[in-house]
Each structure stands twice: as structure tokens, then as C-alpha cells.
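Q: My structure file entry_16.txt, compact mmCIF, C-alpha atoms, is below:
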# COMPACT_ATOMS: atom_id res chain seq x y z
CA MET A 22 -23.17 3.47 -0.57
CA ILE A 23 -22.15 6.72 1.10
CA GLY A 24 -18.98 4.87 2.14
CA PHE A 25 -18.26 4.10 -1.50
CA ILE A 26 -18.61 7.77 -2.48
CA ARG A 27 -16.33 8.81 0.38
CA ALA A 28 -13.72 6.24 -0.69
CA ALA A 29 -13.98 7.35 -4.32
CA ILE A 30 -13.39 11.01 -3.42
CA LEU A 31 -10.51 10.12 -1.10
CA GLY A 32 -8.98 7.84 -3.72
CA PHE A 33 -9.28 10.52 -6.38
CA ILE A 34 -7.50 13.07 -4.17
CA LEU A 35 -4.74 10.58 -3.30
CA LEU A 36 -4.23 9.53 -6.92
CA THR A 37 -4.16 13.16 -8.04
CA LEU A 38 -1.36 13.79 -5.56
CA ILE A 39 0.53 10.78 -6.91
CA TYR A 40 -0.18 11.88 -10.50
CA VAL A 41 1.32 15.32 -9.85
CA LEU A 42 4.38 13.87 -8.09
CA VAL A 43 5.04 11.30 -10.83
CA GLY A 44 4.62 14.07 -13.43
CA ILE A 45 7.23 16.21 -11.70
CA TYR A 46 9.58 13.24 -11.38
CA SER A 47 9.21 12.23 -15.02
CA ARG A 48 9.85 15.77 -16.25
CA SER A 49 12.89 16.07 -13.97
CA VAL A 50 14.37 12.82 -15.28
CA ARG A 51 13.86 13.96 -18.88
CA ARG A 52 15.46 17.35 -18.26
CA GLU A 53 18.44 15.73 -16.55
CA ARG A 54 18.90 13.37 -19.50
CA LEU A 55 18.83 16.27 -21.97
CA GLU A 56 21.40 18.19 -19.92
CA LYS A 57 23.70 15.19 -19.76
CA GLU A 58 23.27 14.51 -23.48
CA TRP A 59 24.40 18.05 -24.24
CA ASP A 60 27.22 18.15 -21.73
CA SER A 61 28.74 14.80 -22.73
CA ASP A 62 28.67 15.47 -26.48
CA PRO A 63 32.20 16.50 -27.63
CA ALA A 64 30.78 18.02 -30.83
CA ARG A 65 28.93 20.63 -28.79
CA GLU A 66 31.94 21.83 -26.86
CA GLY A 67 32.40 25.56 -27.05
CA LEU A 68 28.75 26.31 -27.81
CA THR A 69 27.06 28.97 -25.70
CA MET A 70 24.78 28.57 -22.70
CA ALA A 71 21.90 30.07 -24.71
CA GLU A 72 22.22 27.29 -27.30
CA ARG A 73 22.20 24.71 -24.50
CA ASP A 74 19.04 26.25 -23.03
CA ALA A 75 17.37 26.23 -26.43
CA TYR A 76 18.27 22.56 -26.92
CA ILE A 77 16.77 21.63 -23.52
CA ALA A 78 13.68 23.77 -24.14
CA SER A 79 12.99 22.04 -27.46
CA GLY A 80 13.56 18.65 -25.82
CA MET A 81 11.07 19.48 -23.07
CA GLU A 82 8.58 20.68 -25.69
CA ALA A 83 8.89 17.29 -27.42
CA TYR A 84 8.40 15.58 -24.07
CA LYS A 85 5.11 17.43 -23.57
CA HIS A 86 3.62 15.58 -26.54
CA SER A 87 5.32 12.25 -25.87
CA LEU A 88 3.59 8.96 -25.19
CA ARG A 89 5.56 8.63 -21.98
CA ARG A 90 3.94 11.73 -20.50
CA LYS A 91 0.48 10.55 -21.54
CA LEU A 92 1.08 7.15 -19.94
CA ILE A 93 1.19 8.79 -16.51
CA VAL A 94 -2.61 8.75 -16.65
CA LEU A 95 -2.22 5.03 -15.84
CA VAL A 96 -1.77 6.25 -12.27
CA TYR A 97 -5.55 6.66 -12.31
CA LEU A 98 -6.50 3.79 -14.61
CA ILE A 99 -4.59 0.92 -12.99
CA PRO A 100 -5.96 1.41 -9.45
CA ALA A 101 -9.48 1.81 -10.86
CA ALA A 102 -9.12 -1.45 -12.80
CA VAL A 103 -7.68 -3.24 -9.77
CA PHE A 104 -10.60 -1.94 -7.72
CA ALA A 105 -13.15 -3.27 -10.23
CA VAL A 106 -11.46 -6.67 -10.48
CA THR A 107 -11.24 -6.95 -6.68
CA VAL A 108 -14.93 -6.14 -6.24
CA TYR A 109 -15.79 -8.75 -8.85
CA LEU A 110 -13.56 -11.51 -7.46
CA VAL A 111 -14.52 -10.96 -3.83
CA ASN A 112 -18.26 -10.56 -4.24
CA TYR A 113 -19.27 -12.34 -7.44
CA GLN A 114 -17.13 -15.48 -7.53
CA MET B 2 30.97 6.77 20.79
CA GLY B 3 28.47 9.26 19.45
CA ALA B 4 28.69 7.85 15.95
CA ASN B 5 28.37 4.31 17.31
CA LEU B 6 25.24 5.16 19.27
CA TRP B 7 23.75 6.83 16.23
CA LYS B 8 24.45 3.70 14.18
CA TRP B 9 22.55 1.62 16.72
CA VAL B 10 19.64 4.04 16.85
CA LYS B 11 19.39 3.80 13.07
CA ARG B 12 19.61 0.03 13.12
CA VAL B 13 16.87 -0.30 15.73
CA PHE B 14 14.70 2.19 13.86
CA TRP B 15 14.96 0.31 10.55
CA THR B 16 14.40 -3.05 12.26
CA LEU B 17 11.20 -1.69 13.79
CA VAL B 18 10.09 -0.31 10.42
CA VAL B 19 10.69 -3.68 8.75
CA ILE B 20 8.84 -5.56 11.52
CA PHE B 21 5.94 -3.15 11.33
CA VAL B 22 5.67 -3.34 7.53
CA ALA B 23 6.00 -7.14 7.54
CA GLY B 24 3.32 -7.43 10.23
CA PHE B 25 1.08 -5.05 8.36
CA LEU B 26 1.41 -7.07 5.14
CA HIS B 27 0.94 -10.34 7.00
CA TYR B 28 -2.25 -9.02 8.53
CA THR B 29 -3.66 -7.52 5.33
CA LEU B 30 -2.71 -9.94 2.55
CA PRO B 31 -5.01 -12.87 1.83
CA GLN B 32 -4.16 -16.30 3.23
CA HIS B 33 -5.69 -19.70 2.63
CA ASP B 34 -6.64 -22.39 5.14
CA ILE B 35 -7.93 -25.84 4.33
CA VAL B 36 -10.51 -26.60 6.97
CA ARG B 37 -13.84 -28.27 7.63
CA VAL B 38 -16.76 -25.96 8.49
CA THR B 39 -18.37 -27.13 11.72
CA ASN B 40 -20.74 -24.30 12.53
CA THR B 41 -21.95 -20.93 11.32
CA TYR B 42 -23.79 -18.45 13.49
CA ASN B 43 -23.97 -14.85 14.52
CA ARG B 44 -23.71 -13.41 17.97
CA LEU B 45 -23.64 -10.05 19.66
CA THR B 46 -19.99 -9.10 19.96
CA THR B 47 -18.49 -6.34 22.00
CA VAL B 48 -15.92 -4.28 20.13
CA SER B 49 -13.83 -2.10 22.41
CA THR B 50 -10.93 0.27 21.89
CA GLU B 51 -8.31 -2.46 22.33
CA ASN B 52 -9.54 -4.55 19.40
CA ALA B 53 -11.54 -2.13 17.27
CA TRP B 54 -8.64 -1.97 14.78
CA ALA B 55 -9.23 -5.60 13.88
CA TYR B 56 -12.92 -5.12 13.11
CA SER B 57 -14.64 -3.34 10.29
CA VAL B 58 -15.26 0.35 10.54
CA PRO B 59 -18.68 0.81 12.14
CA ASP B 60 -21.29 2.85 10.36
CA SER B 61 -20.79 6.49 11.13
CA GLY B 62 -22.67 7.44 14.26
CA THR B 63 -21.83 4.31 16.23
CA ALA B 64 -18.14 5.06 16.67
CA GLU B 65 -17.89 5.00 20.44
CA GLY B 66 -15.51 3.61 23.03
CA THR B 67 -17.40 0.34 23.29
CA ALA B 68 -20.03 -0.89 20.89
CA THR B 69 -21.91 -4.14 20.63
CA ARG B 70 -22.53 -5.46 17.17
CA ASP B 71 -24.12 -8.52 15.67
CA ILE B 72 -21.29 -10.27 13.83
CA ARG B 73 -21.38 -13.48 11.79
CA PHE B 74 -18.87 -16.20 12.65
CA ILE B 75 -17.71 -19.37 10.93
CA GLU B 76 -16.32 -22.14 13.12
CA THR B 77 -13.97 -24.60 11.49
CA ALA B 78 -11.58 -27.45 12.26
CA PHE B 79 -8.22 -28.19 10.68
CA PRO B 80 -7.36 -31.73 9.54
CA ASP B 81 -5.23 -32.15 12.70
CA GLY B 82 -8.21 -31.35 14.93
CA SER B 83 -7.21 -27.84 15.98
CA VAL B 84 -9.85 -25.20 15.36
CA MET B 85 -10.17 -21.75 13.82
CA VAL B 86 -12.94 -19.22 14.13
CA TYR B 87 -13.42 -16.66 11.41
CA ARG B 88 -15.56 -13.60 11.56
CA ASN B 89 -17.51 -12.73 8.46
CA GLU B 90 -17.89 -8.99 8.12
CA ASP B 91 -18.20 -6.56 5.26
CA THR B 92 -14.91 -4.70 4.95
CA GLY B 93 -16.20 -1.33 3.84
CA TRP B 94 -14.63 0.66 1.06
CA ILE B 95 -11.31 1.93 2.35
CA TRP B 96 -9.18 -0.44 4.41
CA PRO B 97 -8.43 -3.29 4.11
CA PRO B 98 -9.19 -2.97 0.38
CA TYR B 99 -11.21 -6.15 -0.16
CA PHE B 100 -14.42 -4.18 -0.84
CA LYS B 101 -16.42 -7.10 0.48
CA TYR B 102 -20.15 -6.59 0.78
CA ASP B 103 -21.50 -10.10 0.32
CA SER B 104 -21.11 -11.34 3.90
CA SER B 105 -24.66 -12.76 3.95
CA ASN B 106 -23.98 -14.82 0.84
CA LEU B 107 -20.66 -16.00 2.23
CA GLN B 108 -22.38 -17.09 5.42
CA ALA B 109 -24.90 -19.08 3.38
CA GLU B 110 -22.13 -20.70 1.32
CA ALA B 111 -20.20 -21.61 4.46
CA GLY B 112 -23.35 -23.06 6.05
CA ASN B 113 -23.97 -25.08 2.92
CA LEU B 114 -20.46 -26.59 3.13
CA LYS B 115 -20.84 -27.74 6.74
CA SER B 116 -19.71 -31.32 7.34
CA SER B 117 -19.11 -33.78 10.12
CA ALA B 118 -15.84 -35.30 11.32
CA GLU B 119 -16.98 -38.70 9.98
CA ALA B 120 -17.68 -37.42 6.47
CA PRO B 121 -15.45 -34.39 6.15
CA LYS B 122 -15.85 -31.95 3.26
CA TRP B 123 -12.65 -29.91 3.07
CA VAL B 124 -12.95 -26.28 2.05
CA VAL B 125 -10.48 -23.52 1.28
CA VAL B 126 -11.17 -20.40 3.34
CA THR B 127 -9.52 -17.26 2.00
CA HIS B 128 -9.11 -14.78 4.79
CA TYR B 129 -7.00 -11.98 6.15
CA GLY B 130 -6.23 -11.07 9.74
CA TRP B 131 -5.10 -12.78 12.90
CA ARG B 132 -6.69 -14.86 15.62
CA PHE B 133 -5.66 -13.56 19.05
CA PRO B 134 -7.98 -14.94 21.73
CA ILE B 135 -6.57 -12.64 24.40
CA ILE B 136 -7.95 -9.54 22.73
CA SER B 137 -10.82 -11.36 20.99
CA ILE B 138 -9.88 -10.73 17.39
CA TYR B 139 -10.69 -13.03 14.50
CA PRO B 140 -9.50 -13.23 10.90
CA ASN B 141 -12.11 -12.09 8.43
CA ALA B 142 -13.19 -14.72 5.90
CA VAL B 143 -13.30 -13.34 2.37
CA SER B 144 -14.36 -16.35 0.35
CA VAL B 145 -14.92 -20.06 0.70
CA ARG B 146 -14.85 -22.88 -1.81
CA GLU B 147 -14.59 -26.62 -1.81
CA ALA B 148 -11.00 -27.92 -1.82
CA THR B 149 -9.98 -30.46 -4.43
CA SER B 150 -8.45 -32.52 -1.63
CA VAL B 151 -7.35 -32.14 1.97
CA ASP B 152 -3.75 -31.54 0.90
CA GLU B 153 -4.44 -29.27 -2.07
CA ARG B 154 -1.44 -27.12 -2.82
CA ILE B 155 -2.35 -23.43 -3.02
CA ILE B 156 0.04 -20.92 -4.55
CA PRO B 157 -0.74 -17.46 -3.13
CA TRP B 158 -0.53 -15.61 -6.44
CA VAL B 159 -2.36 -12.54 -5.20
CA SER B 160 0.05 -12.09 -2.29
CA ILE B 161 3.09 -12.67 -4.51
CA VAL B 162 1.95 -10.07 -7.02
CA LEU B 163 1.02 -7.55 -4.33
CA VAL B 164 4.36 -7.92 -2.54
CA LEU B 165 6.17 -7.40 -5.86
CA ILE B 166 4.08 -4.29 -6.56
CA PHE B 167 4.75 -3.04 -3.04
CA GLY B 168 8.49 -3.53 -3.56
CA PHE B 169 8.30 -1.69 -6.87
CA LEU B 170 6.46 1.22 -5.22
CA VAL B 171 9.07 1.47 -2.44
CA PHE B 172 11.80 1.45 -5.10
CA MET B 173 10.04 4.20 -7.08
CA VAL B 174 9.44 6.37 -4.02
CA ARG B 175 13.14 6.05 -3.19
CA ARG B 176 14.16 6.98 -6.73
CA MET B 177 11.78 9.93 -6.78
CA TRP B 178 13.15 11.12 -3.45
CA LEU B 179 16.76 10.81 -4.62
CA GLN B 180 15.92 12.66 -7.84
CA PHE B 181 14.28 15.40 -5.78
CA VAL B 182 17.35 15.72 -3.56
CA GLU B 183 19.74 15.70 -6.52
CA ARG B 184 17.82 18.23 -8.61
CA MET B 185 16.19 20.50 -6.02
CA VAL B 186 17.77 20.23 -2.58
CA ASP B 187 21.44 19.96 -3.52
CA PRO B 188 21.44 22.97 -5.91
CA ALA B 189 19.53 25.00 -3.33
CA MET B 190 22.05 24.04 -0.64
CA ALA B 191 24.91 24.91 -2.96
CA GLU B 192 23.32 28.31 -3.52
CA VAL B 193 22.96 28.83 0.23
CA GLY B 194 26.60 27.83 0.62
CA GLU B 195 27.63 30.41 -2.00
CA ALA B 196 25.47 33.02 -0.32
CA GLN B 197 27.16 32.20 2.97
CA ASP B 198 30.53 32.65 1.35
CA ARG B 199 29.43 36.01 -0.01
CA ALA B 200 28.03 36.91 3.41
CA LYS B 201 31.32 35.91 4.98
CA GLY B 202 32.96 38.27 2.58
CA PHE B 203 30.59 41.04 3.55
CA PHE B 204 30.82 40.48 7.29
CA GLY B 205 34.46 39.71 6.95
CA ARG B 206 34.88 43.16 5.51
CA LEU B 207 32.79 44.62 8.33
CA PHE B 208 34.28 42.81 11.29
CA GLY B 209 37.38 41.10 9.99
CA ARG B 210 40.87 42.39 10.28
CA LYS B 211 41.77 45.05 7.82
Produce C-alpha cells that represent the structure in this file.

A:
Amino acid sequence: MIGFIRAAILGFILLTLIYVLVGIYSRSVRRERLEKEWDSDPAREGLTMAERDAYIASGMEAYKHSLRRKLIVLVYLIPAAVFAVTVYLVNYQ
Amino acid sequence: MGANLWKWVKRVFWTLVVIFVAGFLHYTLPQHDIVRVTNTYNRLTTVSTENAWAYSVPDSGTAEGTATRDIRFIETAFPDGSVMVYRNEDTGWIWPPYFKYDSSNLQAEAGNLKSSAEAPKWVVVTHYGWRFPIISIYPNAVSVREATSVDERIIPWVSIVLVLIFGFLVFMVRRMWLQFVERMVDPAMAEVGEAQDRAKGFFGRLFGRK
């Protein structure tokens, strides 16, 4: 049983690391998309850098409340579910 | 010459990585054998440094250079008469991630399915690991069930799905790394480059020709 607790703590630390990395990646991809959207739009040519920054800031604010950001919690949920299913299939079938 | 050598070093390196990963997956992923159980027993087994990696992690406190443990074994025969010996050990909670703790039950099930060569009862043994007699390692049986027939066709769904997930993870790690380089490393390097140019200007003014 002590082995199970050790594995759970280790798994939690590992998944937290992955969660943070995926969060950084996802945010970076979103920011890049917003930048490209702005830069490739001919209607926005000639607008100032401050307006561009404001556009990206509002886009990132929307991202903070998006479903996509919330789905990153699956990084924890999927391994936990796989763990439970494995335990069941290996020991109770 | 230098570039050529470097190309070969890279090639050898990636070949070794692929061999290592393939071997690792082949060792860890579940496989199925259709066999006939001939005997089940347990015996004191010496686990030494050379083959400890292929046995379960001992309970803390017994991790020494050489340890003798009582391990359950399942002896089987293939339809063609060749044999296979499985060990039957709990896996523990970390690696390999089978989380098996019902070894006693499995041993009882295997014993219950024992049959003779005259009246064979074919069973499917799910296992992982390798049998290398020279270093005394045995695949670990994970589950056993009766086969529908001696030539039952088994599709290794679990392995297929896990390999696909593994491929997806490698792909994602690569994408994340490339994104990191594009967004963090490259701009930083560009900044360093600009700073160097500025520094060149400064030192150029100091030491350069007037």
C-alpha cells in the first residue's frame, strides 16, 4: 500500500510538470495565432503597435476563459482513468 | 570529411535510440501466447544485479546486490512441443504499469487450467517480458484464460492503442519543443546577436581604426 502512495505522489508531480508545460505551449500557440491574425490582415495595416498589443491582450484574456484551456485538466484525468481501468482489467477479470 | 563524420555519428545515434525504444516497447507491451499449462509451482530464486531489472522491485529494505526470493512460476508447452516458463510476480505500482497484485489468484487459475498432452486444454497467457535462459529472466504472466481454439486469432488491441498514443506523445513533444525554440530561443538569440552588433560598435569605436 505504501508503494501505491509513493506512486500516486510521484505521478501527481510528473503530471503537474506536464500540465504546466502543456499550459505554456497552449498559451504560446494562441498568442502566435493572434499575432499572425493581426499581421496578415490588410485592413489593419498602418495601425499602431499599441493597438496590436491591445488586440493580443484581449485575445489572451478570452483564452483564459476558453474551453480549450480548461481541457488541459485532462492531463490529470486521462492517466487516472487509464490507471483505474488497468487495475480493474489486470486484477478483476 | 568533418561533416561526413558528423552525419554518421548522428545516424548511429538515432539508430541506437530507435533500437532502444523498440526493445523497450517490445519488453513492456503485453503479448499473447497460446499454450498448455503443464505445471505451476514456486521456488526460491536468486535475483542478482545482472537480472534484477527483469524482476519486480523488491520491498524496500531488501534491495541488495543478491537476494533470494520465493517466486511463483508457470510452466507451459506450445502446440509444437517447445516450452515456455513464465514467472508470476506482482508488478508493484510504478513500472511496468500493470499494477498487478493478484499473483496468488493467477497462480490458482493457471493451476486450474493444467492439462496433459493427451487431452490438451489450450489457454491464452497474456504476459510481458523476455525469456533469456543465460541470465535467468522470465516473462511475467499477467492474465490467463481459456482459448477458444488452439489457433485462435488474437488482435493485440492494447499494444496497438498504446503504440499510437506513444507516437502521438512523441509528435507533441517535438511540436512543443519546436514552438519553444521558435518563440523563446530564436528571439533571445536574435537579441544576443543585436547586442553583439552593438558591442562591436562600442569596441569597434574603442579599438577599431579611427

Q: To one decimal place, how far is atom CA of Leu36 of chain A from atom CA of Pro98 of chain B in Å?

A: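 Taking atom CA of Leu36 of chain A as the start and atom CA of Pro98 of chain B as the end point, the length is 15.3 Å.
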
Q: Can you work out which residues from chain B touch chain A at a cut-off of 9 Å (counting only C-alpha atoms) and hand them back as a PyMOL selection string?

A: chain B and resi 60+93-95+98-104+106-107+143-144+177-178+180-181+184

Q: How far is it from atom CA of Lys122 of chain B to atom CA of Tyr139 of chain B, in Å with one decimal?

A: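 Pair atom CA of Lys122 of chain B / atom CA of Tyr139 of chain B returns 22.6 Å.
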
Q: Interatomic distance between atom CA of Val84 of chain B and atom CA of Val22 of chain B?

A: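 Between atom CA of Val84 of chain B and atom CA of Val22 of chain B the gap works out to 27.9 Å.
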
Q: Give me, as a ChimeraX atom specification, all polymer residues having an atom no more than 9 Å from segment 24-35 of chain B, counting only C-alpha atoms and skipping those fewer than 6 positions away in the same chain.

A: /B:78-80,97-98,123-131,140,143,148,150-153,155,157,159-160,163-164

Q: Would you mind telling me which residue in B:Ile166, B:Arg70, B:Asn113, B:Asn52 lies nearest to Ile99 of chain A when using all atoms listed in the file?

A: B:Ile166

Q: If I put a ball of radius 12 Å at (19.2, 20.8, -27.3) in the file's coordinates, which residues poke into it when counting all atoms listed in the file, written as number ranges by chain?

A: A: 52-60, 62, 65, 68-83

Q: Would you mind exporting the chosen residues as a CSV table (one decimal), in the frame of the given file, restricted to C-alpha atoms?

A:
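Wrote out.csv, looks like this:
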chain,number,residue,atom,x,y,z
A,52,ARG,CA,15.5,17.4,-18.3
A,53,GLU,CA,18.4,15.7,-16.6
A,54,ARG,CA,18.9,13.4,-19.5
A,55,LEU,CA,18.8,16.3,-22.0
A,56,GLU,CA,21.4,18.2,-19.9
A,57,LYS,CA,23.7,15.2,-19.8
A,58,GLU,CA,23.3,14.5,-23.5
A,59,TRP,CA,24.4,18.0,-24.2
A,60,ASP,CA,27.2,18.2,-21.7
A,62,ASP,CA,28.7,15.5,-26.5
A,65,ARG,CA,28.9,20.6,-28.8
A,68,LEU,CA,28.8,26.3,-27.8
A,69,THR,CA,27.1,29.0,-25.7
A,70,MET,CA,24.8,28.6,-22.7
A,71,ALA,CA,21.9,30.1,-24.7
A,72,GLU,CA,22.2,27.3,-27.3
A,73,ARG,CA,22.2,24.7,-24.5
A,74,ASP,CA,19.0,26.2,-23.0
A,75,ALA,CA,17.4,26.2,-26.4
A,76,TYR,CA,18.3,22.6,-26.9
A,77,ILE,CA,16.8,21.6,-23.5
A,78,ALA,CA,13.7,23.8,-24.1
A,79,SER,CA,13.0,22.0,-27.5
A,80,GLY,CA,13.6,18.6,-25.8
A,81,MET,CA,11.1,19.5,-23.1
A,82,GLU,CA,8.6,20.7,-25.7
A,83,ALA,CA,8.9,17.3,-27.4

Q: What box, with edges along x, y and z, holds each listed atom of segment 25-41 of chain B when 5 Å is added on every side, and can you state its centre and edge lengths in Å to one decimal, as JSON?

A:
{"center_x": -10.3, "center_y": -16.7, "center_z": 7.2, "size_x": 33.4, "size_y": 33.2, "size_z": 20.7}

Q: With distances taken over only C-alpha atoms, which residue among B:Ala23, B:Ala142, B:Val18, B:Leu45 lies nearest Glu76 of chain B?

A: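 Residue with the minimum atom-to-atom distance to Glu76 of chain B: B:Ala142.
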
Q: Which is closest to Val96 of chain A among A:Tyr84, A:Ile30, A:Leu35, A:Pro63, if we use all atoms listed in the file?

A: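 The shortest atom-to-atom distance to Val96 of chain A comes from A:Leu35.
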